[in-house]
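Only one structure is covered here, and it is reproduced in the block below.
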Amino acid sequence: MKLIIFDLDGTLLNTIEDLGNACNHALEHCGFPKHGIEKYNGFVGRGICNLFRAALPEGMRSEENIARMKEAFLEYYEKHKCDCTKPYPGITGLLDKLEAANIKIAVASNKYQDGTEKLVRNFFGKYRFSCILGQRDGKPIKPDPEIIYEIMEVSGIADRNDVIYAGDSDVDMQTGLNAGVRTIGVTWGFRTEEELSSYSPWKIAHVPEDIMKAINI
């Protein structure tokens, strides 16, 4: 195994409170009712426009309202994205072990590119990520496998058997399956173990140490 690609939100970082607060700010700004933070566990993972579609009331999910939400969200989130966000317990230890074993690490997220890069640099700046990719204009979002293939190319990895993709949602499990790489479903994130298991991942990890055991480091 030469490369492990991680999802970001719900896998490396617990971002749910800051995401929920930013979306609630945008909803309030646009005159719509807010949600409890726990609701956002089911809303996130498919890019910010789909987050807004989920959060907006039925019948109000127009492109105009999504654009208004996006503007208010990004302005707020840029200032508050690190208020409550933090790495999950054991993540930095896992990254230390991977680097020590000369296993390349990368990020594939449906968070917009600028936010993805800034969060990774802020919390994991000491690590040598071979590639950090988020949602970009003109590029398909997960579960389309293109992001995995792009990371493999940048990382100099040609054989899919040398790659593992780890994430916390159904979208992540579908992405790994679509890309033809082994998947690890992590249960400490935003979705349930039942949801992950329904996609028959290669492994289920309940703590980051389980990933180390799975790849024998």
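Residue numbers start at 1 in each chain; chains themselves are named A, B, ... in the order of the structure tokens; ligands are numbered from 1 in the order shown.
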Can you tell me, as number ranges by chain, what residues are no more than 7 Å from range 124-135 of chain A when counting only C-alpha atoms, ignoring any on the same chain fewer than 5 positions away? A: 104-113, 116-117, 141, 151, 154-155
Polymer residues at most 10 Å from Tyr76 in chain A, only C-alpha atoms, same-chain spacing of 6 or more positions, as a PyMOL selection string: chain A and resi 18-19+21-23+25-26+70
Based on the selection just made, write N, CA, C and O atoms of those residues as a PDB file, in the first residue's frame.
```pdb
ATOM      1  N   ASP A  18     -19.048  24.151  13.094  1.00  0.00           N
ATOM      2  CA  ASP A  18     -18.764  25.353  12.308  1.00  0.00           C
ATOM      3  C   ASP A  18     -19.554  25.366  11.003  1.00  0.00           C
ATOM      4  O   ASP A  18     -20.038  26.423  10.573  1.00  0.00           O
ATOM      5  N   LEU A  19     -19.708  24.202  10.368  1.00  0.00           N
ATOM      6  CA  LEU A  19     -20.530  24.136   9.155  1.00  0.00           C
ATOM      7  C   LEU A  19     -21.988  24.469   9.467  1.00  0.00           C
ATOM      8  O   LEU A  19     -22.633  25.236   8.736  1.00  0.00           O
ATOM      9  N   ASN A  21     -23.201  26.174  12.032  1.00  0.00           N
ATOM     10  CA  ASN A  21     -23.345  27.578  12.421  1.00  0.00           C
ATOM     11  C   ASN A  21     -23.320  28.494  11.199  1.00  0.00           C
ATOM     12  O   ASN A  21     -24.087  29.464  11.120  1.00  0.00           O
ATOM     13  N   ALA A  22     -22.433  28.180  10.246  1.00  0.00           N
ATOM     14  CA  ALA A  22     -22.346  29.010   9.040  1.00  0.00           C
ATOM     15  C   ALA A  22     -23.603  28.881   8.193  1.00  0.00           C
ATOM     16  O   ALA A  22     -24.103  29.879   7.641  1.00  0.00           O
ATOM     17  N   CYS A  23     -24.125  27.663   8.093  1.00  0.00           N
ATOM     18  CA  CYS A  23     -25.340  27.475   7.305  1.00  0.00           C
ATOM     19  C   CYS A  23     -26.537  28.116   7.996  1.00  0.00           C
ATOM     20  O   CYS A  23     -27.388  28.731   7.332  1.00  0.00           O
ATOM     21  N   HIS A  25     -26.393  30.728   9.902  1.00  0.00           N
ATOM     22  CA  HIS A  25     -26.215  32.163   9.667  1.00  0.00           C
ATOM     23  C   HIS A  25     -26.771  32.545   8.296  1.00  0.00           C
ATOM     24  O   HIS A  25     -27.485  33.554   8.154  1.00  0.00           O
ATOM     25  N   ALA A  26     -26.443  31.734   7.282  1.00  0.00           N
ATOM     26  CA  ALA A  26     -26.915  32.021   5.930  1.00  0.00           C
ATOM     27  C   ALA A  26     -28.434  31.904   5.830  1.00  0.00           C
ATOM     28  O   ALA A  26     -29.091  32.729   5.174  1.00  0.00           O
ATOM     29  N   LYS A  70     -25.096  30.829  -0.578  1.00  0.00           N
ATOM     30  CA  LYS A  70     -23.655  30.625  -0.780  1.00  0.00           C
ATOM     31  C   LYS A  70     -22.867  31.876  -0.410  1.00  0.00           C
ATOM     32  O   LYS A  70     -21.834  31.801   0.276  1.00  0.00           O
TER      33      LYS A  70
END
```
Using only C-alpha atoms, determine which residues lie at most 7 Å from Thr187 in chain A, disregarding the query and same-chain residues fewer than 4 positions distant; provide the list as number ranges by chain. A: 168, 192-193, 205-206
DSSP strand (DSSP E or B) selection over chain A, as a PyMOL selection string: chain A and resi 3-6+9+13-14+86-87+104-112+129-135+163-167+182-186+203-205
Produce a file of the selected residues containing N, CA and C atoms, as a short mmCIF file (atom, residue, chain, number, x, y, z; two decimals), in the first residue's frame.
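And here's out-v6.cif as it stands now:
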```
data_model
loop_
_atom_site.label_atom_id
_atom_site.label_comp_id
_atom_site.auth_asym_id
_atom_site.auth_seq_id
_atom_site.Cartn_x
_atom_site.Cartn_y
_atom_site.Cartn_z
N LEU A 3 -0.45 4.64 -0.97
CA LEU A 3 -1.17 5.91 -0.86
C LEU A 3 -2.48 5.70 -0.12
N ILE A 4 -2.73 6.56 0.87
CA ILE A 4 -4.04 6.57 1.51
C ILE A 4 -4.64 7.96 1.34
N ILE A 5 -5.83 8.00 0.78
CA ILE A 5 -6.55 9.24 0.52
C ILE A 5 -7.66 9.37 1.55
N PHE A 6 -7.72 10.53 2.18
CA PHE A 6 -8.72 10.77 3.22
C PHE A 6 -9.77 11.77 2.76
N ASP A 9 -14.00 16.41 6.03
CA ASP A 9 -15.03 16.65 7.04
C ASP A 9 -15.61 15.32 7.53
N LEU A 13 -11.22 15.85 10.25
CA LEU A 13 -11.65 16.96 11.11
C LEU A 13 -13.13 16.88 11.47
N ASN A 14 -13.42 17.21 12.72
CA ASN A 14 -14.81 17.37 13.15
C ASN A 14 -15.21 18.82 12.89
N LYS A 86 -11.84 20.77 14.96
CA LYS A 86 -10.61 20.18 15.50
C LYS A 86 -10.42 18.78 14.92
N PRO A 87 -9.17 18.31 14.91
CA PRO A 87 -8.92 16.93 14.46
C PRO A 87 -9.57 15.94 15.41
N LYS A 104 2.29 7.64 1.26
CA LYS A 104 1.81 8.96 0.86
C LYS A 104 0.40 9.20 1.38
N ILE A 105 0.10 10.47 1.69
CA ILE A 105 -1.22 10.84 2.17
C ILE A 105 -1.77 11.97 1.30
N ALA A 106 -3.10 11.97 1.14
CA ALA A 106 -3.76 12.98 0.31
C ALA A 106 -5.17 13.20 0.84
N VAL A 107 -5.80 14.26 0.37
CA VAL A 107 -7.17 14.60 0.76
C VAL A 107 -8.03 14.74 -0.47
N ALA A 108 -9.22 14.12 -0.43
CA ALA A 108 -10.24 14.26 -1.48
C ALA A 108 -11.54 14.65 -0.80
N SER A 109 -11.95 15.89 -0.98
CA SER A 109 -13.12 16.41 -0.26
C SER A 109 -14.14 17.00 -1.23
N ASN A 110 -15.40 17.04 -0.80
CA ASN A 110 -16.43 17.77 -1.53
C ASN A 110 -16.58 19.19 -0.99
N LYS A 111 -15.77 19.57 0.01
CA LYS A 111 -15.72 20.97 0.44
C LYS A 111 -15.04 21.78 -0.66
N TYR A 112 -15.45 23.02 -0.83
CA TYR A 112 -14.86 23.86 -1.86
C TYR A 112 -13.34 23.95 -1.66
N PHE A 129 1.35 16.33 2.45
CA PHE A 129 0.28 15.77 1.63
C PHE A 129 0.70 15.83 0.16
N SER A 130 0.57 14.72 -0.53
CA SER A 130 0.96 14.71 -1.94
C SER A 130 -0.03 15.46 -2.80
N CYS A 131 -1.26 15.60 -2.32
CA CYS A 131 -2.30 16.29 -3.08
C CYS A 131 -3.45 16.63 -2.14
N ILE A 132 -4.01 17.83 -2.29
CA ILE A 132 -5.17 18.26 -1.51
C ILE A 132 -6.21 18.79 -2.48
N LEU A 133 -7.27 18.03 -2.69
CA LEU A 133 -8.28 18.43 -3.66
C LEU A 133 -9.65 18.53 -3.00
N GLY A 134 -10.35 19.61 -3.35
CA GLY A 134 -11.73 19.81 -2.93
C GLY A 134 -12.62 20.00 -4.15
N GLN A 135 -13.78 20.59 -3.92
CA GLN A 135 -14.71 20.85 -5.01
C GLN A 135 -14.22 22.04 -5.81
N VAL A 163 -3.74 1.74 -3.40
CA VAL A 163 -4.47 2.90 -2.89
C VAL A 163 -5.60 2.48 -1.96
N ILE A 164 -5.77 3.24 -0.87
CA ILE A 164 -6.92 3.10 0.03
C ILE A 164 -7.59 4.46 0.15
N TYR A 165 -8.91 4.45 0.14
CA TYR A 165 -9.67 5.68 0.37
C TYR A 165 -10.48 5.53 1.65
N ALA A 166 -10.32 6.47 2.58
CA ALA A 166 -11.00 6.41 3.88
C ALA A 166 -11.96 7.58 4.03
N GLY A 167 -13.19 7.28 4.44
CA GLY A 167 -14.18 8.33 4.64
C GLY A 167 -15.30 7.89 5.56
N ARG A 182 -9.60 0.13 -2.58
CA ARG A 182 -10.11 -0.36 -1.30
C ARG A 182 -10.61 0.82 -0.46
N THR A 183 -11.71 0.59 0.23
CA THR A 183 -12.29 1.63 1.07
C THR A 183 -12.24 1.24 2.54
N ILE A 184 -12.08 2.26 3.38
CA ILE A 184 -12.20 2.10 4.83
C ILE A 184 -13.27 3.08 5.30
N GLY A 185 -14.32 2.55 5.91
CA GLY A 185 -15.37 3.39 6.48
C GLY A 185 -15.04 3.71 7.92
N VAL A 186 -14.99 5.00 8.26
CA VAL A 186 -14.68 5.41 9.63
C VAL A 186 -15.95 5.80 10.36
N LYS A 203 -12.66 -2.37 4.99
CA LYS A 203 -12.55 -2.40 6.45
C LYS A 203 -13.47 -1.33 7.05
N ILE A 204 -13.86 -1.56 8.29
CA ILE A 204 -14.52 -0.54 9.12
C ILE A 204 -13.54 -0.16 10.22
N ALA A 205 -13.34 1.14 10.43
CA ALA A 205 -12.45 1.62 11.49
C ALA A 205 -13.26 2.38 12.53
#
```
Which range 139-179 of chain A residues have any atom within 10 Å of an atom of range 44-51 of chain A, and for each, what is the nearest pair of atoms with distance in Å to one decimal, counting only C-alpha atoms, rows sorted by chain and number, as a tab-separated table?
```
residue	atom	partner	partner_atom	distance
A:Ile141	CA	A:Gly47	CA	7.4
A:Lys142	CA	A:Arg46	CA	7.2
A:Pro143	CA	A:Arg46	CA	8.6
A:Asp168	CA	A:Gly45	CA	9.1
A:Ser169	CA	A:Gly45	CA	7.3
A:Asp170	CA	A:Gly45	CA	8.9
A:Val171	CA	A:Gly45	CA	7.0
A:Asp172	CA	A:Gly45	CA	8.5
```
Serialized selection, N, CA, C and O atoms, as a compact mmCIF listing (two decimals), in the first residue's frame:
```txt
# COMPACT_ATOMS: atom_id res chain seq x y z
N ILE A 141 -18.06 16.24 -8.53
CA ILE A 141 -17.86 15.97 -7.11
C ILE A 141 -18.01 14.48 -6.83
O ILE A 141 -18.52 13.73 -7.66
N LYS A 142 -17.51 14.05 -5.69
CA LYS A 142 -17.72 12.67 -5.26
C LYS A 142 -19.23 12.39 -5.18
O LYS A 142 -19.97 13.28 -4.80
N PRO A 143 -19.67 11.20 -5.55
CA PRO A 143 -18.93 9.95 -5.71
C PRO A 143 -18.31 9.70 -7.08
O PRO A 143 -17.87 8.59 -7.35
N ASP A 168 -16.19 8.82 5.88
CA ASP A 168 -17.20 8.58 6.91
C ASP A 168 -18.62 8.49 6.39
O ASP A 168 -19.56 8.39 7.19
N SER A 169 -18.82 8.53 5.06
CA SER A 169 -20.20 8.61 4.55
C SER A 169 -20.45 7.65 3.40
O SER A 169 -19.52 7.06 2.84
N ASP A 170 -21.72 7.54 3.04
CA ASP A 170 -22.10 6.74 1.88
C ASP A 170 -21.44 7.27 0.62
O ASP A 170 -21.03 6.50 -0.25
N VAL A 171 -21.32 8.59 0.51
CA VAL A 171 -20.66 9.20 -0.65
C VAL A 171 -19.22 8.70 -0.76
O VAL A 171 -18.75 8.37 -1.86
N ASP A 172 -18.53 8.62 0.37
CA ASP A 172 -17.14 8.16 0.35
C ASP A 172 -17.04 6.69 -0.05
O ASP A 172 -16.17 6.31 -0.83
```
I need the residues in range 89-119 of chain A that are alpha helix (DSSP H) according to DSSP; give them as a PyMOL selection string. chain A and resi 91-100+113-119
Selection export as a PDB file, in the first residue's frame, atoms kept: N, CA, C and O atoms:
```pdb
ATOM      1  N   ILE A  91      -5.971  11.197  15.129  1.00  0.00           N
ATOM      2  CA  ILE A  91      -5.680  11.461  13.713  1.00  0.00           C
ATOM      3  C   ILE A  91      -4.224  11.882  13.513  1.00  0.00           C
ATOM      4  O   ILE A  91      -3.546  11.396  12.591  1.00  0.00           O
ATOM      5  N   THR A  92      -3.724  12.774  14.342  1.00  0.00           N
ATOM      6  CA  THR A  92      -2.336  13.202  14.144  1.00  0.00           C
ATOM      7  C   THR A  92      -1.369  12.041  14.370  1.00  0.00           C
ATOM      8  O   THR A  92      -0.363  11.925  13.659  1.00  0.00           O
ATOM      9  N   GLY A  93      -1.679  11.173  15.319  1.00  0.00           N
ATOM     10  CA  GLY A  93      -0.850   9.985  15.532  1.00  0.00           C
ATOM     11  C   GLY A  93      -0.854   9.076  14.318  1.00  0.00           C
ATOM     12  O   GLY A  93       0.184   8.513  13.944  1.00  0.00           O
ATOM     13  N   LEU A  94      -2.014   8.937  13.683  1.00  0.00           N
ATOM     14  CA  LEU A  94      -2.120   8.134  12.464  1.00  0.00           C
ATOM     15  C   LEU A  94      -1.276   8.743  11.349  1.00  0.00           C
ATOM     16  O   LEU A  94      -0.521   8.034  10.668  1.00  0.00           O
ATOM     17  N   LEU A  95      -1.376  10.045  11.154  1.00  0.00           N
ATOM     18  CA  LEU A  95      -0.604  10.694  10.098  1.00  0.00           C
ATOM     19  C   LEU A  95       0.894  10.585  10.364  1.00  0.00           C
ATOM     20  O   LEU A  95       1.683  10.400   9.429  1.00  0.00           O
ATOM     21  N   ASP A  96       1.283  10.691  11.635  1.00  0.00           N
ATOM     22  CA  ASP A  96       2.693  10.500  11.997  1.00  0.00           C
ATOM     23  C   ASP A  96       3.179   9.120  11.573  1.00  0.00           C
ATOM     24  O   ASP A  96       4.265   8.974  10.994  1.00  0.00           O
ATOM     25  N   LYS A  97       2.380   8.103  11.863  1.00  0.00           N
ATOM     26  CA  LYS A  97       2.750   6.714  11.538  1.00  0.00           C
ATOM     27  C   LYS A  97       2.836   6.503  10.028  1.00  0.00           C
ATOM     28  O   LYS A  97       3.735   5.806   9.535  1.00  0.00           O
ATOM     29  N   LEU A  98       1.887   7.077   9.298  1.00  0.00           N
ATOM     30  CA  LEU A  98       1.892   6.925   7.847  1.00  0.00           C
ATOM     31  C   LEU A  98       3.138   7.561   7.232  1.00  0.00           C
ATOM     32  O   LEU A  98       3.779   6.976   6.355  1.00  0.00           O
ATOM     33  N   GLU A  99       3.477   8.754   7.692  1.00  0.00           N
ATOM     34  CA  GLU A  99       4.670   9.407   7.159  1.00  0.00           C
ATOM     35  C   GLU A  99       5.928   8.633   7.522  1.00  0.00           C
ATOM     36  O   GLU A  99       6.836   8.487   6.704  1.00  0.00           O
ATOM     37  N   ALA A 100       5.981   8.128   8.742  1.00  0.00           N
ATOM     38  CA  ALA A 100       7.148   7.351   9.165  1.00  0.00           C
ATOM     39  C   ALA A 100       7.311   6.084   8.326  1.00  0.00           C
ATOM     40  O   ALA A 100       8.435   5.606   8.118  1.00  0.00           O
ATOM     41  N   GLN A 113     -12.603  24.108  -2.776  1.00  0.00           N
ATOM     42  CA  GLN A 113     -11.145  23.952  -2.774  1.00  0.00           C
ATOM     43  C   GLN A 113     -10.446  24.874  -1.778  1.00  0.00           C
ATOM     44  O   GLN A 113      -9.568  24.438  -1.027  1.00  0.00           O
ATOM     45  N   ASP A 114     -10.797  26.140  -1.763  1.00  0.00           N
ATOM     46  CA  ASP A 114     -10.113  27.089  -0.885  1.00  0.00           C
ATOM     47  C   ASP A 114     -10.285  26.703   0.580  1.00  0.00           C
ATOM     48  O   ASP A 114      -9.316  26.735   1.356  1.00  0.00           O
ATOM     49  N   GLY A 115     -11.506  26.328   0.959  1.00  0.00           N
ATOM     50  CA  GLY A 115     -11.755  25.920   2.340  1.00  0.00           C
ATOM     51  C   GLY A 115     -11.015  24.648   2.699  1.00  0.00           C
ATOM     52  O   GLY A 115     -10.481  24.509   3.807  1.00  0.00           O
ATOM     53  N   THR A 116     -10.961  23.710   1.759  1.00  0.00           N
ATOM     54  CA  THR A 116     -10.239  22.453   1.982  1.00  0.00           C
ATOM     55  C   THR A 116      -8.767  22.724   2.242  1.00  0.00           C
ATOM     56  O   THR A 116      -8.180  22.244   3.224  1.00  0.00           O
ATOM     57  N   GLU A 117      -8.144  23.504   1.374  1.00  0.00           N
ATOM     58  CA  GLU A 117      -6.721  23.797   1.514  1.00  0.00           C
ATOM     59  C   GLU A 117      -6.428  24.517   2.826  1.00  0.00           C
ATOM     60  O   GLU A 117      -5.470  24.175   3.531  1.00  0.00           O
ATOM     61  N   LYS A 118      -7.231  25.504   3.158  1.00  0.00           N
ATOM     62  CA  LYS A 118      -6.967  26.298   4.366  1.00  0.00           C
ATOM     63  C   LYS A 118      -7.102  25.460   5.638  1.00  0.00           C
ATOM     64  O   LYS A 118      -6.295  25.595   6.562  1.00  0.00           O
ATOM     65  N   LEU A 119      -8.109  24.599   5.689  1.00  0.00           N
ATOM     66  CA  LEU A 119      -8.273  23.763   6.878  1.00  0.00           C
ATOM     67  C   LEU A 119      -7.137  22.757   7.011  1.00  0.00           C
ATOM     68  O   LEU A 119      -6.606  22.545   8.108  1.00  0.00           O
TER      69      LEU A 119
END
```
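CA of Met60 in chain A to CA of His29 in chain A spans 14.4 Å [interatomic distance, one decimal].
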Excluding Asn216 in chain A and any residue of its chain fewer than 3 positions from it, enumerate the residues within 12 Å of it, using only C-alpha atoms, and give them as a ChimeraX atom specification. /A:1,97-98,101,103,209-213
Would you save the residues from that selection as a PDB file, in the first residue's frame, using all heavy atoms?
```
ATOM      1  N   MET A   1       0.853  -1.184   0.000  1.00  0.00           N
ATOM      2  CA  MET A   1       0.000   0.000   0.000  1.00  0.00           C
ATOM      3  C   MET A   1       0.894   1.240   0.000  1.00  0.00           C
ATOM      4  O   MET A   1       1.753   1.379   0.864  1.00  0.00           O
ATOM      5  CB  MET A   1      -0.902  -0.030   1.237  1.00  0.00           C
ATOM      6  CG  MET A   1      -2.221   0.660   1.037  1.00  0.00           C
ATOM      7  SD  MET A   1      -2.141   2.443   1.182  1.00  0.00           S
ATOM      8  CE  MET A   1      -1.682   2.596   2.884  1.00  0.00           C
ATOM      9  N   LYS A  97       2.380   8.103  11.863  1.00  0.00           N
ATOM     10  CA  LYS A  97       2.750   6.714  11.538  1.00  0.00           C
ATOM     11  C   LYS A  97       2.836   6.503  10.028  1.00  0.00           C
ATOM     12  O   LYS A  97       3.735   5.806   9.535  1.00  0.00           O
ATOM     13  CB  LYS A  97       1.732   5.749  12.139  1.00  0.00           C
ATOM     14  CG  LYS A  97       1.766   5.648  13.650  1.00  0.00           C
ATOM     15  CD  LYS A  97       2.882   4.719  14.108  1.00  0.00           C
ATOM     16  CE  LYS A  97       2.756   4.405  15.590  1.00  0.00           C
ATOM     17  NZ  LYS A  97       3.823   3.493  16.039  1.00  0.00           N
ATOM     18  N   LEU A  98       1.887   7.077   9.298  1.00  0.00           N
ATOM     19  CA  LEU A  98       1.892   6.925   7.847  1.00  0.00           C
ATOM     20  C   LEU A  98       3.138   7.561   7.232  1.00  0.00           C
ATOM     21  O   LEU A  98       3.779   6.976   6.355  1.00  0.00           O
ATOM     22  CB  LEU A  98       0.628   7.529   7.247  1.00  0.00           C
ATOM     23  CG  LEU A  98      -0.680   6.788   7.561  1.00  0.00           C
ATOM     24  CD1 LEU A  98      -1.884   7.621   7.133  1.00  0.00           C
ATOM     25  CD2 LEU A  98      -0.722   5.428   6.885  1.00  0.00           C
ATOM     26  N   ALA A 101       6.181   5.538   7.850  1.00  0.00           N
ATOM     27  CA  ALA A 101       6.209   4.331   7.026  1.00  0.00           C
ATOM     28  C   ALA A 101       6.360   4.649   5.537  1.00  0.00           C
ATOM     29  O   ALA A 101       6.272   3.744   4.698  1.00  0.00           O
ATOM     30  CB  ALA A 101       4.932   3.527   7.254  1.00  0.00           C
ATOM     31  N   ILE A 103       4.345   6.129   3.579  1.00  0.00           N
ATOM     32  CA  ILE A 103       3.081   5.993   2.848  1.00  0.00           C
ATOM     33  C   ILE A 103       2.567   7.394   2.527  1.00  0.00           C
ATOM     34  O   ILE A 103       2.458   8.243   3.418  1.00  0.00           O
ATOM     35  CB  ILE A 103       2.054   5.206   3.676  1.00  0.00           C
ATOM     36  CG1 ILE A 103       2.531   3.761   3.873  1.00  0.00           C
ATOM     37  CG2 ILE A 103       0.691   5.222   2.989  1.00  0.00           C
ATOM     38  CD1 ILE A 103       1.713   2.971   4.857  1.00  0.00           C
ATOM     39  N   GLU A 209      -6.533   4.063  15.078  1.00  0.00           N
ATOM     40  CA  GLU A 209      -5.600   2.941  15.239  1.00  0.00           C
ATOM     41  C   GLU A 209      -6.023   1.736  14.403  1.00  0.00           C
ATOM     42  O   GLU A 209      -5.178   0.930  13.998  1.00  0.00           O
ATOM     43  CB  GLU A 209      -5.481   2.559  16.704  1.00  0.00           C
ATOM     44  CG  GLU A 209      -4.739   3.566  17.572  1.00  0.00           C
ATOM     45  CD  GLU A 209      -5.595   4.770  17.982  1.00  0.00           C
ATOM     46  OE1 GLU A 209      -6.807   4.792  17.641  1.00  0.00           O
ATOM     47  OE2 GLU A 209      -5.047   5.666  18.645  1.00  0.00           O
ATOM     48  N   ASP A 210      -7.324   1.612  14.136  1.00  0.00           N
ATOM     49  CA  ASP A 210      -7.799   0.499  13.303  1.00  0.00           C
ATOM     50  C   ASP A 210      -7.274   0.590  11.874  1.00  0.00           C
ATOM     51  O   ASP A 210      -7.079  -0.432  11.208  1.00  0.00           O
ATOM     52  CB  ASP A 210      -9.337   0.454  13.285  1.00  0.00           C
ATOM     53  CG  ASP A 210      -9.934   0.020  14.621  1.00  0.00           C
ATOM     54  OD1 ASP A 210      -9.214  -0.603  15.424  1.00  0.00           O
ATOM     55  OD2 ASP A 210     -11.117   0.306  14.837  1.00  0.00           O
ATOM     56  N   ILE A 211      -7.049   1.817  11.406  1.00  0.00           N
ATOM     57  CA  ILE A 211      -6.464   1.982  10.070  1.00  0.00           C
ATOM     58  C   ILE A 211      -5.024   1.498  10.079  1.00  0.00           C
ATOM     59  O   ILE A 211      -4.568   0.817   9.149  1.00  0.00           O
ATOM     60  CB  ILE A 211      -6.565   3.448   9.607  1.00  0.00           C
ATOM     61  CG1 ILE A 211      -8.044   3.861   9.471  1.00  0.00           C
ATOM     62  CG2 ILE A 211      -5.820   3.651   8.297  1.00  0.00           C
ATOM     63  CD1 ILE A 211      -8.250   5.298   9.070  1.00  0.00           C
ATOM     64  N   MET A 212      -4.299   1.820  11.144  1.00  0.00           N
ATOM     65  CA  MET A 212      -2.915   1.335  11.258  1.00  0.00           C
ATOM     66  C   MET A 212      -2.865  -0.180  11.240  1.00  0.00           C
ATOM     67  O   MET A 212      -2.021  -0.787  10.563  1.00  0.00           O
ATOM     68  CB  MET A 212      -2.282   1.857  12.555  1.00  0.00           C
ATOM     69  CG  MET A 212      -2.220   3.360  12.696  1.00  0.00           C
ATOM     70  SD  MET A 212      -1.425   3.826  14.259  1.00  0.00           S
ATOM     71  CE  MET A 212      -2.137   5.444  14.554  1.00  0.00           C
ATOM     72  N   LYS A 213      -3.779  -0.804  11.977  1.00  0.00           N
ATOM     73  CA  LYS A 213      -3.810  -2.275  12.017  1.00  0.00           C
ATOM     74  C   LYS A 213      -4.141  -2.850  10.646  1.00  0.00           C
ATOM     75  O   LYS A 213      -3.575  -3.865  10.238  1.00  0.00           O
ATOM     76  CB  LYS A 213      -4.838  -2.735  13.051  1.00  0.00           C
ATOM     77  CG  LYS A 213      -4.474  -2.410  14.488  1.00  0.00           C
ATOM     78  CD  LYS A 213      -5.613  -2.789  15.439  1.00  0.00           C
ATOM     79  CE  LYS A 213      -5.326  -2.363  16.871  1.00  0.00           C
ATOM     80  NZ  LYS A 213      -6.485  -2.627  17.762  1.00  0.00           N
TER      81      LYS A 213
END
```
Selection: 9 Å around Phe43 in chain A, only C-alpha atoms, excl. self and same-chain fewer than 4 positions, as a ChimeraX atom specification: /A:39,50-55
Range 34-36 of chain A environment, 7 Å, only C-alpha atoms, sequence neighbours closer than 4 positions dropped, as a ChimeraX atom specification: /A:24,27-28
Tell me, in Å to one decimal, how far CA of Trp202 in chain A is from CA of Ile147 in chain A. 19.7 Å
